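Chemist: So here's coords-v9.txt (compact mmCIF, C-alpha atoms).
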# COMPACT_ATOMS: atom_id res chain seq x y z
CA MET A 1 77.12 83.32 95.20
CA SER A 2 79.56 80.92 96.76
CA ASP A 3 79.71 80.41 100.53
CA ILE A 4 83.09 82.09 100.79
CA MET A 5 81.77 85.30 99.22
CA ILE A 6 78.79 85.45 101.56
CA PHE A 7 81.13 84.83 104.48
CA SER A 8 83.51 87.58 103.26
CA ALA A 9 80.60 90.00 102.88
CA ILE A 10 79.45 89.28 106.45
CA VAL A 11 82.99 89.73 107.82
CA ILE A 12 83.43 93.03 105.95
CA LEU A 13 80.06 94.39 107.11
CA VAL A 14 80.66 93.36 110.73
CA THR A 15 84.12 94.99 110.63
CA ILE A 16 82.73 98.24 109.20
CA ALA A 17 79.93 98.25 111.81
CA SER A 18 82.41 97.69 114.66
CA CYS A 19 84.68 100.46 113.35
CA ILE A 20 81.77 102.91 113.23
CA SER A 21 80.53 101.93 116.71
CA PHE A 22 84.04 102.17 118.13
CA THR A 23 84.47 105.67 116.68
CA VAL A 24 81.13 106.82 118.09
CA LEU A 25 81.90 105.39 121.54
CA TYR A 26 85.39 106.91 121.55
CA TRP A 27 83.98 110.27 120.46
CA LYS A 28 81.40 110.21 123.27
CA HIS A 29 84.01 109.11 125.81
CA ARG A 30 86.32 112.01 124.87
CA ASN A 31 83.55 114.58 125.06
CA LYS A 32 82.42 113.58 128.53
CA MET B 1 106.45 106.14 124.40
CA LYS B 2 109.27 106.70 121.95
CA GLN B 3 108.13 106.89 118.32
CA TYR B 4 109.44 104.52 115.69
CA PRO B 5 108.44 106.18 112.39
CA TYR B 6 110.50 103.84 110.20
CA LEU B 7 109.06 100.50 111.37
CA PRO B 8 106.40 100.15 108.60
CA MET B 9 109.10 100.72 105.96
CA ILE B 10 111.18 97.87 107.39
CA GLY B 11 108.10 95.65 107.76
CA VAL B 12 106.84 96.25 104.22
CA SER B 13 110.29 95.73 102.67
CA PHE B 14 110.76 92.51 104.63
CA PHE B 15 107.33 91.23 103.59
CA VAL B 16 107.95 92.03 99.91
CA VAL B 17 111.30 90.19 100.02
CA CYS B 18 109.58 87.16 101.61
CA TRP B 19 106.80 87.34 99.01
CA VAL B 20 109.21 87.48 96.04
CA ALA B 21 111.44 84.72 97.44
CA SER B 22 108.56 82.35 98.13
CA ALA B 23 106.98 83.16 94.73
CA LEU B 24 110.24 82.34 92.91
CA ALA B 25 110.42 79.02 94.78
CA MET B 26 106.93 78.00 93.64
CA PRO B 27 106.73 77.72 89.81
CA SER B 28 102.97 77.03 89.85
CA TRP B 29 102.32 80.44 91.44
CA HIS B 30 101.59 83.24 88.96
CA PHE B 31 101.36 86.93 89.76
CA MET B 32 97.75 88.22 89.64
CA GLU B 33 96.43 84.76 88.70
CA THR B 34 97.01 82.79 91.90
CA TRP B 35 95.95 83.88 95.39
CA PRO B 36 98.92 85.31 97.32
CA SER B 37 97.74 83.18 100.26
CA THR B 38 98.66 80.04 98.28
CA LEU B 39 102.30 80.88 99.05
CA GLY B 40 101.57 80.31 102.73
CA THR B 41 100.00 76.85 102.32
CA ALA B 42 101.62 73.42 102.56
CA ASP B 43 101.97 73.38 98.70
CA SER B 44 104.55 76.15 98.87
CA PRO B 45 108.22 75.25 99.49
CA TYR B 46 108.85 78.50 101.39
CA GLN B 47 105.59 78.39 103.34
CA ILE B 48 107.31 79.38 106.60
CA LEU B 49 109.07 82.34 104.99
CA PHE B 50 105.87 83.84 103.56
CA ASN B 51 103.95 83.46 106.82
CA THR B 52 106.88 84.81 108.82
CA GLY B 53 106.90 87.88 106.53
CA MET B 54 103.28 88.59 107.44
CA ILE B 55 103.78 87.97 111.15
CA VAL B 56 106.87 90.20 111.32
CA SER B 57 105.37 93.06 109.28
CA GLY B 58 102.10 92.85 111.25
CA THR B 59 104.00 93.03 114.55
CA LEU B 60 106.07 96.01 113.38
CA MET B 61 102.90 97.76 112.15
CA ALA B 62 101.21 97.22 115.51
CA ILE B 63 104.22 98.56 117.44
CA TYR B 64 104.50 101.57 115.12
CA SER B 65 100.79 102.38 115.42
CA TYR B 66 100.89 102.12 119.20
CA SER B 67 103.97 104.34 119.31
CA VAL B 68 102.50 107.15 117.19
CA TYR B 69 98.99 106.96 118.63
CA SER B 70 99.61 109.83 121.04
CA ALA B 71 101.37 112.08 118.48
CA SER B 72 98.15 114.03 117.92
CA GLU B 73 95.08 114.90 119.98
CA SER B 74 92.86 114.61 116.91
CA ILE B 75 90.23 111.88 117.18
CA TRP B 76 90.70 111.08 113.46
CA PHE B 77 94.40 110.51 113.94
CA ARG B 78 94.00 108.49 117.10
CA VAL B 79 91.27 106.25 115.76
CA ALA B 80 93.22 105.80 112.50
CA PHE B 81 96.17 104.43 114.44
CA ILE B 82 94.04 102.33 116.80
CA PHE B 83 92.57 100.68 113.68
CA SER B 84 96.00 100.37 112.11
CA MET B 85 97.23 98.68 115.29
CA VAL B 86 94.34 96.21 115.17
CA GLY B 87 95.14 95.73 111.45
CA GLY B 88 98.72 94.80 112.38
CA VAL B 89 97.52 92.25 114.93
CA LEU B 90 95.08 90.80 112.38
CA LEU B 91 97.93 90.58 109.84
CA CYS B 92 99.81 88.40 112.34
CA GLY B 93 96.67 86.26 112.47
CA VAL B 94 96.69 85.96 108.67
CA GLY B 95 100.25 84.61 108.93
CA VAL B 96 99.48 82.23 111.80
CA PHE B 97 96.30 80.79 110.25
CA ASN B 98 97.36 80.01 106.69
CA ASP B 99 95.07 79.11 103.81
CA ASP B 100 95.07 75.46 104.90
CA ILE B 101 92.58 76.64 107.54
CA PRO B 102 90.34 78.61 105.12
CA PHE B 103 87.71 79.73 107.64
CA ALA B 104 90.16 81.41 110.04
CA HIS B 105 92.34 82.68 107.18
CA GLU B 106 89.39 84.31 105.44
CA LEU B 107 88.16 85.83 108.70
CA PHE B 108 91.54 87.43 109.45
CA THR B 109 92.21 88.48 105.84
CA MET B 110 88.88 90.19 105.25
CA SER B 111 88.81 91.98 108.58
CA MET B 112 92.47 93.03 108.15
CA PHE B 113 91.82 94.48 104.67
CA THR B 114 88.67 96.30 105.79
CA ILE B 115 90.13 97.75 108.98
CA SER B 116 93.35 98.85 107.21
CA LEU B 117 91.38 100.62 104.48
CA ILE B 118 89.14 102.32 107.07
CA SER B 119 92.26 103.38 108.97
CA MET B 120 93.59 105.05 105.80
CA ILE B 121 90.29 106.89 105.28
CA TYR B 122 90.55 108.27 108.84
CA LEU B 123 94.16 109.25 108.27
CA GLY B 124 93.11 110.96 105.02
CA ILE B 125 90.43 112.97 106.86
CA PHE B 126 93.00 113.95 109.51
CA LEU B 127 95.50 115.07 106.86
CA HIS B 128 92.77 117.15 105.19
CA LEU B 129 91.82 118.82 108.47
CA THR B 130 95.44 119.68 109.25
CA GLY B 131 96.04 121.25 105.84
CA ARG B 132 97.84 118.40 104.09
CA ARG B 133 95.21 118.23 101.41
CA ALA B 134 97.22 116.48 98.70
CA PHE B 135 98.16 113.59 101.02
CA GLY B 136 94.64 113.46 102.42
CA SER B 137 93.03 113.26 99.00
CA LEU B 138 95.57 110.66 97.89
CA CYS B 139 94.68 108.43 100.88
CA ILE B 140 90.92 108.69 100.44
CA ILE B 141 90.79 108.47 96.62
CA SER B 142 93.18 105.51 96.45
CA VAL B 143 91.21 103.60 99.11
CA ALA B 144 87.99 104.21 97.15
CA ALA B 145 89.69 103.16 93.89
CA VAL B 146 90.97 99.89 95.37
CA ALA B 147 87.63 99.09 97.01
CA LEU B 148 85.68 99.82 93.81
CA SER B 149 88.14 97.92 91.61
CA GLY B 150 86.77 94.79 93.33
CA LEU B 151 83.70 95.17 91.14
CA VAL B 152 85.67 94.64 87.91
CA VAL B 153 88.88 92.81 88.81
CA PRO B 154 88.68 89.01 89.38
CA LEU B 155 89.21 87.95 93.00
CA PRO B 156 92.77 86.50 93.05
CA ALA B 157 94.01 89.61 91.24
CA TRP B 158 92.05 91.88 93.56
CA ASP B 159 93.62 90.21 96.56
CA THR B 160 97.05 90.90 95.03
CA VAL B 161 96.10 94.51 94.21
CA GLY B 162 94.84 95.04 97.77
CA THR B 163 97.98 93.54 99.30
CA LEU B 164 100.26 95.65 97.11
CA PHE B 165 98.17 98.74 97.80
CA ILE B 166 98.37 98.32 101.58
CA ASP B 167 102.14 97.73 101.26
CA VAL B 168 102.71 100.79 99.09
CA ILE B 169 100.50 103.17 101.03
CA SER B 170 101.83 102.03 104.45
CA PHE B 171 105.34 102.64 103.18
CA ALA B 172 104.44 105.98 101.56
CA THR B 173 102.39 107.42 104.44
CA SER B 174 104.87 106.41 107.13
CA PHE B 175 107.66 107.90 105.01
CA ALA B 176 105.66 111.10 104.44
CA LEU B 177 104.72 111.43 108.13
CA TRP B 178 108.39 111.07 109.02
CA ARG B 179 109.91 113.13 106.20
CA TYR B 180 107.60 116.12 106.60
CA ARG B 181 108.31 116.43 110.32
CA PHE B 182 104.77 115.54 111.04
CA TYR B 183 105.46 114.77 114.68
CA GLU B 184 106.58 118.29 115.45
CA THR B 185 103.98 120.21 113.47
CA GLY B 186 100.91 118.01 113.09
CA ASN B 187 98.91 119.07 116.12
CA GLU B 188 97.93 122.63 115.38
CA VAL B 189 94.42 121.91 114.10
CA VAL B 190 92.31 119.70 116.34
CA PRO B 191 88.84 118.98 115.00
I need this file expressed as structure tokens, please.
Modeler:
Amino acid sequence: MSDIMIFSAIVILVTIASCISFTVLYWKHRNK
Amino acid sequence: MKQYPYLPMIGVSFFVVCWVASALAMPSWHFMETWPSTLGTADSPYQILFNTGMIVSGTLMAIYSYSVYSASESIWFRVAFIFSMVGGVLLCGVGVFNDDIPFAHELFTMSMFTISLISMIYLGIFLHLTGRRAFGSLCIISVAAVALSGLVVPLPAWDTVGTLFIDVISFATSFALWRYRFYETGNEVVP
């Protein structure tokens, strides 16, 4: 795999992880 | 804040016009064979036009998303439009950092694609929960289809498919949300 593909995969995974964490935090914040 | 339901339609149309104009001005660029980002590099005669198209449509998308964020109490709706707002800001970044700066360009492009697709999944779930099942299914199935097509379609073509998909579905969903009086009737079911 080329460097750019590994980089893309990392960016995509980090974005998905941040989206999930944001949703969980927002959900908890609303239900306080 | 006042809602501006038509902004994505203006943004997408403007971007497509910029895309077509800059593609016509660059004979070495071929649809589905060359990266769309090539039109924003120093090799392209209408470099400024293509990048301006992305910056303008990203800004309009961000304003739209911020303006409709409070239209529903549903967490799915709100998070969908928070992500779509971030997607708009990232799209501006894609226009500012063109492919002559590959690291930054790739960073903005990939995160913009991912966050926009996730935003559409959330919107699809919201539409399902509020009884708009056909629209909801359309959002979720088309996102899955575009994401999975990456396994079979070569990368420059996939980039084009993804760009066109985000254009078409932003146009279609903002039109549908506006046309079907979503803002008056969309809040009855809150998950």
Chemist: Could you work out which residues of chain B fall inside 7 Å of chain A? Count all atoms listed in the file, and format the result as a compact mmCIF listing (two decimals) with C-alpha atoms, keeping the file's coordinate frame.
Modeler:
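Final output, saved to selection_22.txt:
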# COMPACT_ATOMS: atom_id res chain seq x y z
CA VAL B 79 91.27 106.25 115.76
CA LEU B 107 88.16 85.83 108.70
CA MET B 110 88.88 90.19 105.25
CA SER B 111 88.81 91.98 108.58
CA THR B 114 88.67 96.30 105.79
CA ILE B 115 90.13 97.75 108.98
Chemist: One decimal, in Å: what's the spacing between atom CA of Ile121 of chain B and atom CA of Leu138 of chain B?
Modeler: 9.8 Å
Chemist: For Gly40 of chain B, which of B:Ile82, B:Ala157, B:Val96, B:Ile118 is the closest residue, counting all atoms listed in the file?
Modeler: B:Val96
Chemist: Which residues, written as a PyMOL selection string, have at least one atom at most 10 Å from Ile55 of chain B, with only C-alpha atoms counted and residues fewer than 4 positions away on the same chain left out?
Modeler: chain B and resi 11+15+49-51+59-61+88-96
Chemist: Take every atom of segment 21-25 of chain B listed in the file, fit an axis-aligned box around them, add 8 Å per side, and give the centre and edge lengths in Å to one decimal as AutoDock Vina command-line options.
Modeler:
--center_x 109.2 --center_y 81.9 --center_z 95.5 --size_x 20.5 --size_y 21.7 --size_z 21.2
Chemist: As a JSON list (two decimals) with C-alpha atoms, keeping the file's coordinate frame, please: the residues near segment 23-38 of chain B (cut-off 8 Å, all atoms listed in the file, same-chain neighbours under 3 positions excluded).
Modeler:
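Full text of result_33.json as output:
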[["chain", "number", "residue", "atom", "x", "y", "z"],
["B", 19, "TRP", "CA", 106.80, 87.34, 99.01],
["B", 20, "VAL", "CA", 109.21, 87.48, 96.04],
["B", 41, "THR", "CA", 100.00, 76.85, 102.32],
["B", 43, "ASP", "CA", 101.97, 73.38, 98.70],
["B", 44, "SER", "CA", 104.55, 76.15, 98.87],
["B", 45, "PRO", "CA", 108.22, 75.25, 99.49],
["B", 46, "TYR", "CA", 108.85, 78.50, 101.39],
["B", 98, "ASN", "CA", 97.36, 80.01, 106.69],
["B", 99, "ASP", "CA", 95.07, 79.11, 103.81],
["B", 156, "PRO", "CA", 92.77, 86.50, 93.05],
["B", 157, "ALA", "CA", 94.01, 89.61, 91.24],
["B", 158, "TRP", "CA", 92.05, 91.88, 93.56],
["B", 159, "ASP", "CA", 93.62, 90.21, 96.56],
["B", 160, "THR", "CA", 97.05, 90.90, 95.03],
["B", 161, "VAL", "CA", 96.10, 94.51, 94.21]]
Chemist: One decimal, Å: what's the distance from atom CA of Phe97 of chain B over to atom CA of Leu39 of chain B, could you say?
Modeler: 12.7 Å
Chemist: In Å, rounded to a single decimal, give me how far atom CA of Ile10 of chain B is from atom CA of Ile63 of chain B.
Modeler: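 Computed distance, atom CA of Ile63 of chain B to atom CA of Ile10 of chain B, equals 12.2 Å.
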Chemist: Using all atoms listed in the file for the distances, tell me which of B:Glu106, B:Pro8, B:Asp100, B:Ala147 is nearest to Met85 of chain B.
Modeler: B:Pro8
Chemist: Of the candidates B:Pro102, B:Gly162, B:Pro5, B:Gly87, which one gets nearest to Val146 of chain B if we count all atoms listed in the file?
Modeler: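 For Val146 of chain B, the nearest of the given residues is B:Gly162.
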Chemist: Using all atoms listed in the file for the distances, tell me which of B:Ser72, B:Gln47, B:Thr130, B:Ser174 is nearest to Ser22 of chain B.
Modeler: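 Smallest separation from Ser22 of chain B among the options: B:Gln47.
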